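First comes the structure, then the notes that go with it.
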Amino acid sequence: MKLSNVFNTTVFFLKVYKLNWYFLLTLYIIPATYLTVMFASSQGSREALMAGLTGFTILVSYNTLFYSLASFTSNMFEEQIFESYFLMPIPFHEILMAAALMQILINIPPTVMSLIMLTYISANTNFPLLLSGILLTYAFFIPPAILLAIKVKRRMLLESFLMILMLIMIMATPAFYRLQYISEPYKTLLLANPLTHLIIMLRASIGLMEGFPENISTTYITTLTSILWITLWYKLHKGVVTMAEKRI
């Protein structure tokens, strides 16, 4: 793998996105709207703002690192578009890595904004846990996005599914409300959602405890993320990408 190839392809993808800058705004509008409504309804509560900012970070990451990456990657497998990528003088897995890196760069500005605000309004910030939560958020979303795109390979079909999934995630993730105020059995159901554990980590790092041990959440997300990356590695080296490059 040549890093120069990945870097140059990432720059090319960013130039393509620059032509569709309005699409980037849509990635932030829905989470920002929920954050604004929640903060306004809470009458400026500091706790509500911190809870909302952590939820905003997770949902924007979902939109950018999962939704957008899956849509972008699935579009690569459209027949006419795939022919163009196939003619590029770099391996297809490097193109996929460049697409992932592009989405990471796009997601950095709202993440940094949230981190600055969280550290400013939080009286006690656990920076190692906070940064671990951010890094795991980035690492968690990328593999399932690429794996799902490789499986579906049809952008229009996949985007319909992703839109429904996004609405489900907004309701099934305690992004803009506190998990500790949810009663059973709904709390157990929310804990089945991996995004809930990312939120638990982020909130624990700024002193908002959700009644569930953050070390268990960290272990769970780390294990799940590792499994997803191993699965993606296998696919890239033994599965669909190898077959695609052979034009089977």
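In the structure tokens, each chain is lettered A, B, ... as it comes, each chain's residues begin at 1, and ligands are numbered from 1 in order of appearance.
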Taking 5 positions as the minimum chain separation for residues in the same chain, which residues sit within 8 Å of region 117-133 of chain A when counting only C-alpha atoms? Answer as a PyMOL selection string.
chain A and resi 46+50+53+198+201-202+204-207+218
Keeping C-alpha atoms for every residue in the selection just given, could you write it to a file as a JSON list (two decimals), in the first residue's frame?
```json
[["chain", "number", "residue", "atom", "x", "y", "z"],
["A", 46, "ARG", "CA", -25.83, 22.70, 31.63],
["A", 50, "MET", "CA", -23.51, 18.33, 27.74],
["A", 53, "LEU", "CA", -23.38, 17.68, 22.62],
["A", 198, "LEU", "CA", -20.22, 5.17, 22.80],
["A", 201, "MET", "CA", -18.15, 6.63, 27.35],
["A", 202, "LEU", "CA", -18.34, 10.23, 26.18],
["A", 204, "ALA", "CA", -18.68, 9.49, 31.65],
["A", 205, "SER", "CA", -15.61, 11.42, 30.49],
["A", 206, "ILE", "CA", -17.33, 14.73, 31.34],
["A", 207, "GLY", "CA", -18.91, 13.56, 34.59],
["A", 218, "THR", "CA", -15.35, 0.45, 26.54]]
```
Contacts of Thr9 (chain A) at 12 Å (only C-alpha atoms; same-chain gap of 5+ positions) as a VMD selection string
chain A and resid 2 to 4 14 to 16 85 88 to 102
Write to file, as a PDB file, in the first residue's frame, the residues of the selection just made, with N, CA and C atoms.
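Everything below was put into result_0.pdb:
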```
ATOM      1  N   LYS A   2       0.599   2.179  -0.903  1.00  0.00           N
ATOM      2  CA  LYS A   2       1.335   3.424  -0.983  1.00  0.00           C
ATOM      3  C   LYS A   2       0.494   4.547  -0.390  1.00  0.00           C
ATOM      4  N   LEU A   3       1.039   5.183   0.650  1.00  0.00           N
ATOM      5  CA  LEU A   3       0.310   6.264   1.300  1.00  0.00           C
ATOM      6  C   LEU A   3       0.101   7.444   0.365  1.00  0.00           C
ATOM      7  N   SER A   4       1.033   7.636  -0.556  1.00  0.00           N
ATOM      8  CA  SER A   4       0.881   8.743  -1.502  1.00  0.00           C
ATOM      9  C   SER A   4      -0.344   8.535  -2.384  1.00  0.00           C
ATOM     10  N   LEU A  14     -12.143  14.838  -2.121  1.00  0.00           N
ATOM     11  CA  LEU A  14     -12.547  16.077  -1.455  1.00  0.00           C
ATOM     12  C   LEU A  14     -12.910  17.160  -2.478  1.00  0.00           C
ATOM     13  N   LYS A  15     -12.205  17.194  -3.592  1.00  0.00           N
ATOM     14  CA  LYS A  15     -12.537  18.154  -4.644  1.00  0.00           C
ATOM     15  C   LYS A  15     -13.909  17.851  -5.237  1.00  0.00           C
ATOM     16  N   VAL A  16     -14.224  16.554  -5.355  1.00  0.00           N
ATOM     17  CA  VAL A  16     -15.548  16.168  -5.846  1.00  0.00           C
ATOM     18  C   VAL A  16     -16.625  16.616  -4.862  1.00  0.00           C
ATOM     19  N   TYR A  85     -13.177   3.583 -11.881  1.00  0.00           N
ATOM     20  CA  TYR A  85     -12.254   3.290 -10.787  1.00  0.00           C
ATOM     21  C   TYR A  85     -11.292   2.175 -11.162  1.00  0.00           C
ATOM     22  N   MET A  88      -8.174   3.327 -12.849  1.00  0.00           N
ATOM     23  CA  MET A  88      -7.210   4.105 -12.063  1.00  0.00           C
ATOM     24  C   MET A  88      -6.015   3.226 -11.712  1.00  0.00           C
ATOM     25  N   PRO A  89      -4.792   3.781 -11.767  1.00  0.00           N
ATOM     26  CA  PRO A  89      -3.577   2.965 -11.585  1.00  0.00           C
ATOM     27  C   PRO A  89      -3.247   2.670 -10.118  1.00  0.00           C
ATOM     28  N   ILE A  90      -4.248   2.432  -9.297  1.00  0.00           N
ATOM     29  CA  ILE A  90      -4.013   2.075  -7.896  1.00  0.00           C
ATOM     30  C   ILE A  90      -4.976   0.949  -7.517  1.00  0.00           C
ATOM     31  N   PRO A  91      -4.618   0.107  -6.536  1.00  0.00           N
ATOM     32  CA  PRO A  91      -5.496  -0.990  -6.113  1.00  0.00           C
ATOM     33  C   PRO A  91      -6.825  -0.465  -5.578  1.00  0.00           C
ATOM     34  N   PHE A  92      -7.855  -1.271  -5.738  1.00  0.00           N
ATOM     35  CA  PHE A  92      -9.191  -0.839  -5.334  1.00  0.00           C
ATOM     36  C   PHE A  92      -9.293  -0.650  -3.828  1.00  0.00           C
ATOM     37  N   HIS A  93      -8.576  -1.454  -3.043  1.00  0.00           N
ATOM     38  CA  HIS A  93      -8.669  -1.303  -1.585  1.00  0.00           C
ATOM     39  C   HIS A  93      -8.065   0.026  -1.129  1.00  0.00           C
ATOM     40  N   GLU A  94      -7.103   0.570  -1.902  1.00  0.00           N
ATOM     41  CA  GLU A  94      -6.562   1.884  -1.567  1.00  0.00           C
ATOM     42  C   GLU A  94      -7.582   2.978  -1.863  1.00  0.00           C
ATOM     43  N   ILE A  95      -8.397   2.770  -2.887  1.00  0.00           N
ATOM     44  CA  ILE A  95      -9.477   3.720  -3.182  1.00  0.00           C
ATOM     45  C   ILE A  95     -10.483   3.735  -2.038  1.00  0.00           C
ATOM     46  N   LEU A  96     -10.799   2.549  -1.510  1.00  0.00           N
ATOM     47  CA  LEU A  96     -11.720   2.466  -0.370  1.00  0.00           C
ATOM     48  C   LEU A  96     -11.135   3.155   0.855  1.00  0.00           C
ATOM     49  N   MET A  97      -9.836   2.980   1.080  1.00  0.00           N
ATOM     50  CA  MET A  97      -9.192   3.639   2.222  1.00  0.00           C
ATOM     51  C   MET A  97      -9.231   5.155   2.057  1.00  0.00           C
ATOM     52  N   ALA A  98      -9.044   5.626   0.830  1.00  0.00           N
ATOM     53  CA  ALA A  98      -9.099   7.067   0.574  1.00  0.00           C
ATOM     54  C   ALA A  98     -10.496   7.608   0.844  1.00  0.00           C
ATOM     55  N   ALA A  99     -11.521   6.833   0.463  1.00  0.00           N
ATOM     56  CA  ALA A  99     -12.901   7.257   0.732  1.00  0.00           C
ATOM     57  C   ALA A  99     -13.154   7.366   2.231  1.00  0.00           C
ATOM     58  N   ALA A 100     -12.645   6.391   2.998  1.00  0.00           N
ATOM     59  CA  ALA A 100     -12.805   6.428   4.451  1.00  0.00           C
ATOM     60  C   ALA A 100     -12.066   7.613   5.056  1.00  0.00           C
ATOM     61  N   LEU A 101     -10.847   7.872   4.572  1.00  0.00           N
ATOM     62  CA  LEU A 101     -10.067   9.002   5.080  1.00  0.00           C
ATOM     63  C   LEU A 101     -10.760  10.321   4.772  1.00  0.00           C
ATOM     64  N   MET A 102     -11.373  10.414   3.595  1.00  0.00           N
ATOM     65  CA  MET A 102     -12.109  11.630   3.240  1.00  0.00           C
ATOM     66  C   MET A 102     -13.235  11.893   4.241  1.00  0.00           C
TER      67      MET A 102
END
```
May I have the residues within 9 Å of Arg154 (chain A) as a tab-separated table (two decimals) with C-alpha atoms, in the first residue's frame, using only C-alpha atoms and disregarding those fewer than 6 positions away in the same chain?
```
chain	number	residue	atom	x	y	z
A	71	SER	CA	-23.53	5.55	0.17
A	74	SER	CA	-21.84	1.53	-2.83
A	75	ASN	CA	-21.84	4.05	-5.66
A	77	PHE	CA	-19.89	-0.58	-7.57
A	78	GLU	CA	-22.32	0.87	-10.08
```
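Interatomic distance, CA of Ile116 (chain A) to CA of Ile134 (chain A): 12.9 Å.
The nearest approach to Glu47 (chain A) among the residues A:Arg178, A:Ala70, A:His197, A:Tyr186, with only C-alpha atoms taken into account, belongs to A:Arg178.
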Give me the residues near region 58-68 of chain A as JSON, numbers by chain, where near means some atom within 8 Å (using only C-alpha atoms) and where sequence neighbours in that chain fewer than 6 positions away do not count.
{"A": [27, 28, 31, 100, 103, 104, 106, 107, 110, 137, 138, 141, 142, 144, 145, 159, 162, 166, 170, 175, 195, 198, 199]}
C-alpha atoms of the current selection, written as a compact mmCIF listing (two decimals), in the first residue's frame:
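Output saved as again_38.txt:
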```
# COMPACT_ATOMS: atom_id res chain seq x y z
CA LEU A 27 -25.13 15.70 7.26
CA TYR A 28 -25.18 18.23 10.11
CA PRO A 31 -28.44 16.44 14.55
CA ALA A 100 -12.81 6.43 4.45
CA GLN A 103 -15.10 11.03 5.52
CA ILE A 104 -12.87 11.20 8.59
CA ILE A 106 -15.10 15.84 6.86
CA ASN A 107 -16.17 14.69 10.32
CA PRO A 110 -17.94 19.17 14.11
CA THR A 137 -16.44 6.28 17.47
CA TYR A 138 -14.36 6.84 14.33
CA PHE A 141 -18.44 3.32 12.07
CA ILE A 142 -16.04 2.74 9.15
CA PRO A 144 -19.77 -1.69 8.86
CA ALA A 145 -20.24 1.15 6.33
CA GLU A 159 -29.85 4.97 0.78
CA LEU A 162 -29.94 4.05 5.56
CA MET A 166 -31.06 6.83 10.73
CA ILE A 170 -32.32 8.75 16.58
CA ALA A 175 -28.42 10.89 22.04
CA LEU A 195 -24.09 3.61 19.89
CA LEU A 198 -20.22 5.17 22.80
CA ILE A 199 -22.47 7.80 24.38
```
